[in-house]
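What's in run.cif: mmCIF, C-alpha atoms and all ligand atoms
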```cif
data_entry
loop_
_atom_site.label_atom_id
_atom_site.label_comp_id
_atom_site.auth_asym_id
_atom_site.auth_seq_id
_atom_site.Cartn_x
_atom_site.Cartn_y
_atom_site.Cartn_z
CA MET A 1 -1.29 2.51 25.56
CA ASN A 2 -4.64 1.89 23.83
CA VAL A 3 -4.41 1.83 20.05
CA LEU A 4 -6.99 2.00 17.27
CA VAL A 5 -6.14 0.66 13.80
CA ILE A 6 -8.37 1.89 10.98
CA GLY A 7 -9.10 -0.53 8.12
CA SER A 8 -10.13 -4.11 7.45
CA GLY A 9 -7.64 -5.84 5.17
CA GLY A 10 -4.60 -8.05 5.37
CA ARG A 11 -2.51 -4.94 5.90
CA GLU A 12 -4.46 -4.02 9.02
CA HIS A 13 -4.35 -7.60 10.31
CA ALA A 14 -0.55 -7.53 9.90
CA PHE A 15 -0.36 -4.21 11.79
CA ALA A 16 -2.58 -5.61 14.54
CA TRP A 17 -0.56 -8.85 14.74
CA LYS A 18 2.65 -6.86 15.21
CA LEU A 19 1.20 -4.25 17.59
CA ALA A 20 -0.26 -7.04 19.74
CA GLN A 21 3.33 -8.15 20.45
CA SER A 22 4.32 -4.77 21.89
CA PRO A 23 4.91 -4.54 25.65
CA LYS A 24 3.70 -0.95 25.36
CA LEU A 25 0.23 -2.04 24.24
CA ASP A 26 -2.73 -2.15 26.59
CA LYS A 27 -5.87 -2.50 24.48
CA LEU A 28 -6.04 -2.86 20.71
CA PHE A 29 -9.08 -2.01 18.61
CA ILE A 30 -9.66 -2.31 14.86
CA ALA A 31 -12.33 -0.41 12.95
CA PRO A 32 -13.92 -2.25 11.26
CA GLY A 33 -11.44 -5.17 11.15
CA ASN A 34 -12.11 -8.72 9.96
CA ALA A 35 -12.37 -12.24 11.38
CA GLY A 36 -8.58 -12.39 11.78
CA THR A 37 -8.22 -9.16 13.73
CA ALA A 38 -11.11 -10.28 15.96
CA GLN A 39 -8.92 -13.15 17.19
CA ILE A 40 -6.23 -10.83 18.57
CA ALA A 41 -8.03 -7.54 19.22
CA THR A 42 -11.47 -5.99 19.47
CA ASN A 43 -13.28 -5.14 16.25
CA VAL A 44 -15.36 -1.98 16.29
CA GLU A 45 -18.14 -1.52 13.78
CA ILE A 46 -17.20 1.91 12.48
CA GLY A 47 -16.48 2.81 8.86
CA VAL A 48 -13.06 4.20 7.98
CA ASN A 49 -14.49 7.57 6.87
CA ASP A 50 -16.93 8.04 9.76
CA PHE A 51 -14.76 10.55 11.62
CA ASP A 52 -17.42 11.61 14.14
CA SER A 53 -17.97 8.02 15.29
CA ILE A 54 -14.22 7.47 15.40
CA LYS A 55 -13.94 10.55 17.64
CA ASP A 56 -16.59 9.24 20.05
CA PHE A 57 -14.91 5.88 20.23
CA VAL A 58 -11.44 7.33 20.73
CA LEU A 59 -12.58 9.53 23.60
CA LYS A 60 -14.65 6.82 25.31
CA ASN A 61 -11.83 4.26 25.14
CA ASP A 62 -8.83 6.45 26.00
CA ILE A 63 -7.15 5.78 22.67
CA GLU A 64 -3.71 7.41 22.49
CA MET A 65 -2.67 6.30 19.02
CA VAL A 66 -4.60 5.92 15.75
CA VAL A 67 -2.96 3.98 12.93
CA VAL A 68 -4.61 4.66 9.57
CA GLY A 69 -4.31 1.74 7.12
CA PRO A 70 -5.99 2.84 3.85
CA GLU A 71 -5.52 6.02 1.83
CA ASP A 72 -9.16 7.08 1.71
CA PRO A 73 -9.53 8.52 5.23
CA LEU A 74 -6.12 10.20 4.87
CA VAL A 75 -7.08 11.90 1.61
CA ASN A 76 -10.38 12.84 3.30
CA GLY A 77 -8.45 14.51 6.12
CA ILE A 78 -8.72 12.26 9.19
CA HIS A 79 -5.43 13.59 10.54
CA ASP A 80 -6.54 17.23 9.99
CA TYR A 81 -9.82 16.37 11.75
CA PHE A 82 -7.89 15.22 14.83
CA LEU A 83 -5.64 18.29 14.84
CA ALA A 84 -8.59 20.66 14.55
CA ASP A 85 -10.29 19.22 17.62
CA ASP A 86 -9.16 20.29 21.11
CA GLN A 87 -10.00 16.89 22.60
CA LEU A 88 -8.20 14.94 19.87
CA LYS A 89 -5.26 17.08 18.89
CA ASN A 90 -2.72 15.39 21.18
CA ILE A 91 -3.57 11.88 20.05
CA GLY A 92 -0.94 10.37 17.75
CA VAL A 93 -2.15 9.75 14.20
CA ILE A 94 0.00 7.59 11.94
CA GLY A 95 -0.68 8.85 8.43
CA PRO A 96 -0.24 12.23 6.75
CA LYS A 97 -2.60 15.17 6.74
CA LYS A 98 -4.57 16.09 3.63
CA ASP A 99 -1.69 18.09 2.16
CA GLY A 100 0.72 15.14 2.34
CA ALA A 101 -1.94 12.66 1.24
CA GLU A 102 -2.14 14.55 -2.05
CA LEU A 103 1.00 12.65 -3.03
CA GLU A 104 -1.35 9.73 -3.60
CA GLY A 105 -4.64 11.61 -4.00
CA SER A 106 -3.47 13.48 -7.08
CA LYS A 107 -1.07 12.10 -9.68
CA GLU A 108 -0.60 15.62 -11.04
CA PHE A 109 0.36 16.92 -7.59
CA SER A 110 2.89 14.11 -7.15
CA LYS A 111 4.43 14.75 -10.58
CA ILE A 112 4.76 18.47 -9.86
CA PHE A 113 6.29 17.63 -6.47
CA MET A 114 8.84 15.23 -7.98
CA GLU A 115 9.80 17.63 -10.74
CA LYS A 116 10.22 20.49 -8.28
CA HIS A 117 12.41 18.50 -5.90
CA GLY A 118 14.49 16.65 -8.47
CA VAL A 119 13.09 13.17 -7.79
CA PRO A 120 13.63 10.98 -10.89
CA THR A 121 10.34 10.09 -12.58
CA ALA A 122 8.88 9.67 -16.08
CA LYS A 123 8.38 12.86 -18.12
CA TYR A 124 4.74 13.86 -18.21
CA GLN A 125 2.08 16.44 -19.02
CA SER A 126 -1.42 16.71 -17.66
CA PHE A 127 -4.63 17.48 -19.51
CA SER A 128 -8.26 18.23 -18.81
CA LYS A 129 -11.26 19.24 -20.93
CA ASN A 130 -9.82 22.70 -21.69
CA ASN A 131 -6.75 21.31 -23.44
CA ILE A 132 -7.68 17.80 -24.56
CA GLU A 133 -6.56 18.65 -28.12
CA GLU A 134 -3.07 19.31 -26.76
CA GLY A 135 -3.29 15.89 -25.11
CA TYR A 136 -3.83 14.24 -28.51
CA ALA A 137 -0.87 16.20 -29.88
CA PHE A 138 1.29 15.21 -26.89
CA LEU A 139 0.46 11.53 -27.45
CA GLU A 140 1.72 11.91 -31.04
CA THR A 141 5.13 13.03 -29.75
CA LEU A 142 5.51 9.88 -27.60
CA SER A 143 6.36 6.39 -28.68
CA PRO A 144 4.25 3.45 -27.50
CA PRO A 145 3.27 2.11 -25.07
CA TYR A 146 1.23 5.11 -23.89
CA VAL A 147 0.63 5.59 -20.17
CA LEU A 148 -2.59 7.39 -19.17
CA LYS A 149 -3.31 8.02 -15.50
CA ALA A 150 -6.46 9.37 -13.89
CA ASP A 151 -5.35 12.20 -11.61
CA GLY A 152 -7.51 11.21 -8.63
CA LEU A 153 -8.09 8.05 -6.59
CA ALA A 154 -9.62 5.30 -8.73
CA ALA A 155 -9.28 2.27 -6.43
CA GLY A 156 -6.03 1.25 -8.13
CA LYS A 157 -7.69 1.02 -11.55
CA GLY A 158 -6.97 4.48 -12.96
CA VAL A 159 -3.88 3.64 -15.05
CA LEU A 160 -4.13 2.54 -18.68
CA ILE A 161 -1.14 1.32 -20.68
CA LEU A 162 -1.90 1.14 -24.39
CA ASP A 163 0.11 0.08 -27.43
CA ASP A 164 -1.98 1.81 -30.06
CA LEU A 165 -2.04 5.58 -30.64
CA THR A 166 -5.66 5.70 -31.84
CA GLU A 167 -6.78 3.69 -28.85
CA ALA A 168 -4.77 5.96 -26.54
CA LYS A 169 -6.58 9.02 -27.97
CA THR A 170 -9.96 7.34 -27.59
CA GLU A 171 -9.22 6.40 -24.00
CA LEU A 172 -8.01 9.93 -23.23
CA ALA A 173 -11.40 11.19 -24.39
CA ASN A 174 -13.20 8.47 -22.43
CA MET A 175 -11.35 9.45 -19.29
CA ILE A 176 -11.73 13.22 -19.60
CA THR A 177 -15.07 13.73 -21.30
CA SER A 178 -16.98 10.52 -20.56
CA GLY A 179 -15.82 10.22 -16.95
CA LYS A 180 -14.42 6.69 -17.34
CA PHE A 181 -13.12 6.91 -13.77
CA GLY A 182 -15.62 9.53 -12.64
CA GLU A 183 -14.26 12.80 -11.25
CA ALA A 184 -10.88 11.09 -10.78
CA SER A 185 -10.23 11.23 -14.53
CA ALA A 186 -11.37 14.82 -15.17
CA THR A 187 -7.63 15.46 -15.25
CA VAL A 188 -5.32 12.90 -16.86
CA VAL A 189 -1.55 12.61 -16.57
CA ILE A 190 0.10 11.25 -19.70
CA GLU A 191 3.60 10.03 -19.10
CA GLU A 192 6.53 8.40 -20.75
CA PHE A 193 6.66 4.60 -20.43
CA LEU A 194 9.39 3.42 -18.08
CA ASN A 195 11.28 0.22 -18.81
CA GLY A 196 12.63 -1.98 -16.05
CA ILE A 197 11.52 -4.15 -13.13
CA GLU A 198 9.17 -2.79 -10.48
CA LEU A 199 9.64 -2.90 -6.74
CA SER A 200 8.54 -0.90 -3.74
CA VAL A 201 10.45 0.76 -0.96
CA PHE A 202 8.74 1.85 2.25
CA VAL A 203 9.74 4.75 4.43
CA LEU A 204 8.60 5.78 7.89
CA THR A 205 8.92 9.48 8.67
CA ASP A 206 8.10 11.82 11.54
CA GLY A 207 8.40 14.83 9.25
CA GLU A 208 12.00 15.44 10.24
CA ASN A 209 13.74 12.06 10.16
CA TYR A 210 13.12 8.85 8.31
CA LYS A 211 13.74 5.12 8.50
CA ILE A 212 13.84 2.93 5.41
CA LEU A 213 11.93 -0.32 5.82
CA PRO A 214 12.48 -3.53 3.81
CA SER A 215 11.78 -3.48 0.07
CA ALA A 216 9.11 -5.70 -1.46
CA LYS A 217 7.83 -6.87 -4.81
CA ASP A 218 4.13 -7.28 -5.41
CA TYR A 219 2.38 -9.46 -8.03
CA LYS A 220 -0.52 -7.36 -9.27
CA ARG A 221 -2.01 -9.37 -12.13
CA ILE A 222 -4.62 -12.07 -11.57
CA GLY A 223 -3.05 -14.53 -13.99
CA GLU A 224 0.09 -16.61 -13.86
CA GLY A 225 3.06 -15.18 -15.73
CA ASP A 226 1.77 -11.67 -14.89
CA THR A 227 -1.19 -11.83 -17.26
CA GLY A 228 -4.81 -10.69 -17.07
CA LEU A 229 -6.47 -7.97 -15.07
CA ASN A 230 -4.86 -5.95 -12.30
CA THR A 231 -5.80 -6.83 -8.74
CA GLY A 232 -4.94 -5.26 -5.41
CA GLY A 233 -2.04 -7.71 -5.25
CA MET A 234 -1.84 -11.52 -5.39
CA GLY A 235 1.35 -12.04 -3.43
CA ALA A 236 4.57 -10.39 -2.35
CA ILE A 237 8.19 -11.07 -1.55
CA SER A 238 10.62 -9.22 0.71
CA PRO A 239 13.47 -8.41 0.30
CA VAL A 240 13.74 -7.96 -3.46
CA PRO A 241 16.90 -9.74 -4.67
CA PHE A 242 17.63 -7.31 -7.50
CA ALA A 243 17.43 -4.35 -5.14
CA ASP A 244 21.00 -4.72 -3.90
CA ASN A 245 22.79 -2.27 -1.61
CA THR A 246 24.12 -0.16 -4.49
CA PHE A 247 20.61 0.25 -5.89
CA LEU A 248 19.07 0.93 -2.48
CA GLN A 249 21.73 3.54 -1.78
CA LYS A 250 20.77 5.29 -5.02
CA VAL A 251 17.12 5.14 -3.94
CA GLU A 252 18.00 6.72 -0.61
CA GLU A 253 20.12 9.51 -2.13
CA GLN A 254 18.08 10.24 -5.25
CA VAL A 255 14.54 9.54 -4.03
CA VAL A 256 14.11 9.28 -0.26
CA LYS A 257 16.26 12.25 0.81
CA PRO A 258 14.84 14.72 -1.74
CA THR A 259 11.31 13.51 -0.95
CA ILE A 260 11.65 14.10 2.80
CA ALA A 261 13.47 17.41 2.22
CA GLY A 262 10.87 18.45 -0.39
CA LEU A 263 8.02 17.85 2.03
CA LYS A 264 9.74 20.06 4.58
CA THR A 265 10.50 22.79 2.03
CA ASP A 266 6.86 22.76 0.96
CA GLY A 267 5.67 23.06 4.56
CA ILE A 268 4.05 19.61 4.53
CA ASP A 269 4.46 18.13 8.02
CA TYR A 270 4.27 14.44 7.11
CA LYS A 271 3.92 11.74 9.76
CA GLY A 272 3.50 8.21 8.55
CA PHE A 273 4.42 5.77 5.83
CA ILE A 274 5.57 6.66 2.34
CA PHE A 275 5.26 3.82 -0.14
CA ILE A 276 7.52 4.49 -3.09
CA GLY A 277 6.69 2.52 -6.23
CA LEU A 278 9.89 2.30 -8.25
CA MET A 279 11.12 1.12 -11.60
CA ASN A 280 14.65 -0.30 -11.62
CA ASP A 281 16.00 0.22 -15.14
CA ASN A 282 19.43 -1.42 -15.18
CA GLY A 283 20.23 -0.07 -11.73
CA THR A 284 18.71 3.37 -12.22
CA PRO A 285 15.69 4.13 -10.03
CA SER A 286 12.69 6.10 -11.22
CA VAL A 287 9.52 6.76 -9.22
CA VAL A 288 6.31 5.32 -10.68
CA GLU A 289 4.11 6.54 -7.86
CA TYR A 290 3.89 7.51 -4.23
CA ASN A 291 1.32 6.03 -1.89
CA VAL A 292 0.76 7.56 1.51
CA ARG A 293 0.19 4.27 3.34
CA MET A 294 1.62 0.78 3.37
CA GLY A 295 0.92 -1.60 0.49
CA ASP A 296 -1.34 -4.61 0.69
CA PRO A 297 -0.07 -7.41 0.46
CA GLU A 298 3.40 -5.83 0.85
CA THR A 299 2.67 -5.13 4.55
CA GLU A 300 2.18 -8.86 5.09
CA VAL A 301 5.86 -9.45 4.20
CA VAL A 302 7.44 -6.16 5.36
CA ILE A 303 5.95 -5.95 8.87
CA PRO A 304 6.79 -9.54 9.90
CA ARG A 305 10.44 -8.80 8.97
CA ILE A 306 10.63 -5.86 11.41
CA LYS A 307 12.01 -7.14 14.70
CA SER A 308 11.70 -3.82 16.52
CA ASP A 309 8.62 -2.82 18.48
CA LEU A 310 6.24 -1.24 15.94
CA LEU A 311 4.36 0.69 18.60
CA ASP A 312 7.64 2.18 19.80
CA LEU A 313 8.39 3.26 16.21
CA PHE A 314 4.91 4.78 15.93
CA GLU A 315 5.54 6.68 19.17
CA GLY A 316 8.72 7.98 17.57
CA ILE A 317 6.62 9.32 14.71
CA ALA A 318 4.00 10.88 16.96
CA ASN A 319 6.63 12.53 19.23
CA ARG A 320 9.05 13.31 16.41
CA THR A 321 11.78 11.17 18.01
CA LEU A 322 12.13 8.65 15.20
CA HIS A 323 15.87 9.42 15.01
CA GLU A 324 16.28 7.83 18.46
CA LYS A 325 14.79 4.53 17.31
CA ILE A 326 16.52 1.55 15.74
CA VAL A 327 14.77 -0.52 13.11
CA GLU A 328 16.03 -4.08 13.36
CA ILE A 329 15.26 -6.29 10.38
CA ASP A 330 14.95 -10.07 10.19
CA GLU A 331 17.43 -11.24 7.54
CA ARG A 332 15.18 -14.06 6.41
CA ILE A 333 13.04 -13.87 3.30
CA ALA A 334 9.31 -13.45 3.70
CA THR A 335 6.74 -14.40 1.07
CA THR A 336 3.00 -14.11 1.02
CA VAL A 337 0.45 -15.80 -1.24
CA MET A 338 -3.04 -14.32 -1.45
CA LEU A 339 -6.06 -16.59 -1.66
CA VAL A 340 -8.87 -14.88 -3.55
CA SER A 341 -12.53 -15.49 -4.40
CA GLY A 342 -13.12 -17.12 -7.80
CA GLY A 343 -13.99 -14.41 -10.34
CA TYR A 344 -12.04 -11.64 -8.59
CA PRO A 345 -11.07 -8.94 -9.66
CA GLU A 346 -14.36 -9.05 -11.58
CA GLY A 347 -17.63 -10.26 -10.01
CA TYR A 348 -17.40 -12.91 -7.29
CA GLU A 349 -19.61 -14.44 -4.62
CA LYS A 350 -19.20 -13.86 -0.89
CA GLY A 351 -20.21 -15.84 2.17
CA LYS A 352 -18.25 -19.03 1.36
CA VAL A 353 -17.26 -20.99 4.46
CA ILE A 354 -13.47 -21.14 4.92
CA THR A 355 -12.01 -24.31 6.44
CA GLY A 356 -8.56 -25.63 7.24
CA PHE A 357 -7.22 -22.91 9.56
CA GLU A 358 -6.27 -25.51 12.18
CA ALA A 359 -4.06 -27.33 9.65
CA ILE A 360 -1.85 -24.31 8.90
CA GLU A 361 1.76 -24.91 9.87
CA ASN A 362 4.77 -22.63 9.41
CA SER A 363 2.77 -19.75 7.90
CA ILE A 364 1.00 -16.77 9.39
CA PRO A 365 -2.53 -16.39 8.04
CA PHE A 366 -3.38 -12.70 7.62
CA HIS A 367 -7.07 -12.27 6.99
CA ALA A 368 -8.26 -9.83 4.32
CA GLY A 369 -11.87 -10.36 3.18
CA THR A 370 -13.19 -12.57 5.99
CA LYS A 371 -15.90 -12.27 8.61
CA LYS A 372 -17.42 -14.31 11.37
CA GLU A 373 -20.85 -15.82 10.65
CA GLY A 374 -22.13 -17.90 13.56
CA ASN A 375 -19.35 -20.37 14.27
CA ASN A 376 -17.90 -20.10 10.79
CA ILE A 377 -15.42 -17.80 9.15
CA VAL A 378 -16.70 -16.88 5.70
CA THR A 379 -15.39 -14.91 2.72
CA SER A 380 -16.45 -11.27 2.54
CA GLY A 381 -14.24 -9.84 -0.20
CA GLY A 382 -12.22 -10.53 -3.32
CA ARG A 383 -8.95 -10.97 -1.52
CA VAL A 384 -9.59 -13.40 1.31
CA LEU A 385 -6.43 -14.52 3.09
CA ALA A 386 -2.68 -13.89 2.79
CA LEU A 387 -0.38 -16.74 3.85
CA THR A 388 2.99 -15.38 4.96
CA SER A 389 6.04 -17.60 5.47
CA PHE A 390 9.72 -17.20 6.19
CA GLY A 391 12.65 -19.00 4.61
CA THR A 392 16.35 -18.77 3.94
CA SER A 393 15.50 -18.76 0.23
CA ILE A 394 12.52 -17.46 -1.72
CA LYS A 395 11.73 -21.03 -2.77
CA GLU A 396 11.73 -22.36 0.77
CA ALA A 397 9.46 -19.59 2.03
CA LEU A 398 7.09 -19.85 -0.94
CA ASN A 399 6.85 -23.58 -0.55
CA LYS A 400 5.44 -23.16 2.96
CA SER A 401 2.90 -20.61 1.72
CA PHE A 402 1.83 -22.90 -1.14
CA VAL A 403 1.51 -26.00 1.09
CA ASN A 404 -0.80 -24.05 3.40
CA ALA A 405 -2.70 -22.55 0.46
CA GLU A 406 -3.79 -26.11 -0.35
CA LYS A 407 -4.91 -26.76 3.24
CA ILE A 408 -7.26 -23.80 3.34
CA ASP A 409 -10.45 -24.40 1.47
CA PHE A 410 -13.45 -22.41 0.32
CA GLU A 411 -15.65 -22.72 -2.74
CA LYS A 412 -13.99 -21.27 -5.87
CA LYS A 413 -10.72 -20.52 -4.08
CA ASN A 414 -8.11 -19.14 -6.45
CA TYR A 415 -4.48 -18.19 -6.03
CA ARG A 416 -1.37 -17.72 -8.15
CA LYS A 417 0.94 -20.69 -7.99
CA ASP A 418 3.79 -18.76 -9.58
CA ILE A 419 4.43 -15.91 -7.12
CA GLY A 420 8.15 -15.10 -7.35
CA PHE A 421 8.49 -16.86 -10.74
CA ASP A 422 10.66 -14.04 -12.09
CA LEU A 423 12.99 -14.04 -9.06
CA ILE A 424 13.80 -17.72 -8.62
P1 LIG B 1 0.31 3.47 -10.55
O1 LIG B 1 -1.10 3.46 -10.08
O2 LIG B 1 0.87 4.79 -10.89
O3 LIG B 1 1.21 2.64 -9.67
O4 LIG B 1 0.33 2.59 -11.89
C1 LIG B 1 -0.12 1.26 -11.89
C2 LIG B 1 0.87 0.38 -12.60
O5 LIG B 1 1.03 0.82 -13.95
C3 LIG B 1 2.27 0.44 -12.02
O6 LIG B 1 2.40 -0.43 -10.94
C4 LIG B 1 3.10 0.05 -13.20
O7 LIG B 1 3.10 -1.35 -13.39
C5 LIG B 1 2.37 0.66 -14.36
N1 LIG B 1 2.94 1.97 -14.70
C6 LIG B 1 2.57 3.17 -14.21
N2 LIG B 1 3.29 4.17 -14.75
C7 LIG B 1 4.16 3.60 -15.61
C8 LIG B 1 5.16 4.12 -16.49
N3 LIG B 1 5.40 5.42 -16.59
N4 LIG B 1 5.86 3.23 -17.21
C9 LIG B 1 5.61 1.91 -17.11
N5 LIG B 1 4.66 1.37 -16.34
C10 LIG B 1 3.94 2.19 -15.58
N1 LIG B 2 -0.29 -3.75 -3.52
C1 LIG B 2 -0.36 -2.45 -4.05
C2 LIG B 2 -0.95 -1.44 -3.18
O1 LIG B 2 -1.19 -1.63 -2.02
O2 LIG B 2 -1.18 -0.34 -3.68
#
```
Starting from the coordinates I provided, produce the structure as structure tokens.
Amino acid sequence: MNVLVIGSGGREHAFAWKLAQSPKLDKLFIAPGNAGTAQIATNVEIGVNDFDSIKDFVLKNDIEMVVVGPEDPLVNGIHDYFLADDQLKNIGVIGPKKDGAELEGSKEFSKIFMEKHGVPTAKYQSFSKNNIEEGYAFLETLSPPYVLKADGLAAGKGVLILDDLTEAKTELANMITSGKFGEASATVVIEEFLNGIELSVFVLTDGENYKILPSAKDYKRIGEGDTGLNTGGMGAISPVPFADNTFLQKVEEQVVKPTIAGLKTDGIDYKGFIFIGLMNDNGTPSVVEYNVRMGDPETEVVIPRIKSDLLDLFEGIANRTLHEKIVEIDERIATTVMLVSGGYPEGYEKGKVITGFEAIENSIPFHAGTKKEGNNIVTSGGRVLALTSFGTSIKEALNKSFVNAEKIDFEKKNYRKDIGFDLI
């Protein structure tokens, strides 16, 4: 089978790395991909939202399966586009249609969905310019910290957590009336602050059945000790030690089952990944957010732990036969450490030559922001390279990632040397 993966990050490299191992695979293409995916598949210079060009490519290259990495094309309706086209409608698309993608595309939609289907989540209300005064009044009824969320997609930056009531009111106005996050913050969800430790659980569904994939914990802040600005993710660990069987059973009963059943009740035929961001408050799960794709860098630890054929699982989604499949998981611990460009997540320079790949031992380098320039591989983004390693303990796995993080070099390289600090 010929497969096209859409996207260009570490997540997509991890998908490509795993798909390339499938006996069912013939040709693998990545649009647009990066220098890492180019080593195992064919990169195609097409943007993730250029549906017409994707169509041409799919038809010319007999693609039978399209795996959508990022949320943007899903929210923009790539799956609907395929279904509406006679030539494309029988091609498998991994990723929900527009209606399902709203779980990530609109915080308000996801809160309404959770409330309706009894999925535990923080209490909330949403506000826009018509009722901003009520928003101020609602803030007064809450105790700090105050959680303000832009309704729409804001590249992972649309959530503010503030300790001060006056500041929270000012920011509410900035979001709604001054367009702090553009159109995305025309509506703002204000919600109760949840205590606890965060983790993520990933689910694969064909709309009827589901499989729960390994849990993971992501390190979002740029600074050691979880300080400083939020990033896309600086590292990840799977499984999460505090997510024991009792907790995961609660997640399945209280979150996963009502989510899958709720989608069906609401007539949302969902095929793809559901990324459930959770808070574990003394063993009680509460949903922080849904994403309609895999996480990055969580994919770089979750996918390597799946022993089963990923393309076979994707076929199960496309044909709605996921219940016939078995997901076998590697018991070992996987860690990943992300090397980033100095300055990220604020301004940073690109085009720095990366060296040391040949010295990597006992880690899998998943490329994120890299590209080929002549004979060199150079940086082309904030997050550059994820180094994934296995171990029988978190420490052992991390140690391998850190040793290799020192072997890779590029100007102004930065990485967190304390990934997993709270778990060891
Ligand atoms: P989100 O984009 O909804 O995942 O929010 C970004 C981050 O803000 C989450 O990963 C949490 O760390 C934090 N966060 C969001 N909502 C809450 C909440 N209700 N209580 C505590 N922290 C939250
Ligand atoms: N690492 C967080 C995300 O992918 O949203």
Within 10 Å of range 92-98 of chain A using only C-alpha atoms, minus same-chain residues under 3 positions, as a ChimeraX atom specification: /A:3-5,63-71,73-83,88-89,101-103,105,204-207,268-274,292-294,314-319
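For the choices A:Gly233, A:Pro145, A:Gly36, A:Gly225, the atom-to-atom distance to ligand LIG 2 (chain B) is smallest for A:Gly233 when using all atoms listed in the file.
Note that the spacing between CA of Glu171 in chain A and CA of Asp151 in chain A amounts to 14.2 Å.
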Surrounding residues of Phe421 in chain A excluding itself and chain neighbours under 3 positions, 12 Å, only C-alpha atoms, as a list in words: Lys217, Asp218, Tyr219, Glu224, Gly225, Asp226, Gly235, Ala236, Ile237, Ile394, Lys395, Leu398, Arg416, Lys417, Asp418 and Ile424 of chain A
For range 247-257 of chain A: contacts at 9 Å, all atoms listed in the file, fewer than 2 positions along chain excluded, given as number ranges by chain: A: 114, 118-120, 201, 203, 210, 212, 215, 242-245, 259-262, 276, 278, 280, 283-287
Taking all atoms of ligand LIG 2 (chain B) that the file lists and extending 5 Å past them on each side, where is the centre of the axis-aligned box and how long are its edges? Answer in Å to one decimal, as AutoDock Vina command-line options.
```
--center_x -0.7 --center_y -2.0 --center_z -3.0 --size_x 10.9 --size_y 13.4 --size_z 12.0
```
Surroundings of ligand LIG 2 (chain B) up to 7 Å, based on only C-alpha atoms and all ligand atoms, as a PyMOL selection string: chain A and resi 156+218+220+232-233+294-298
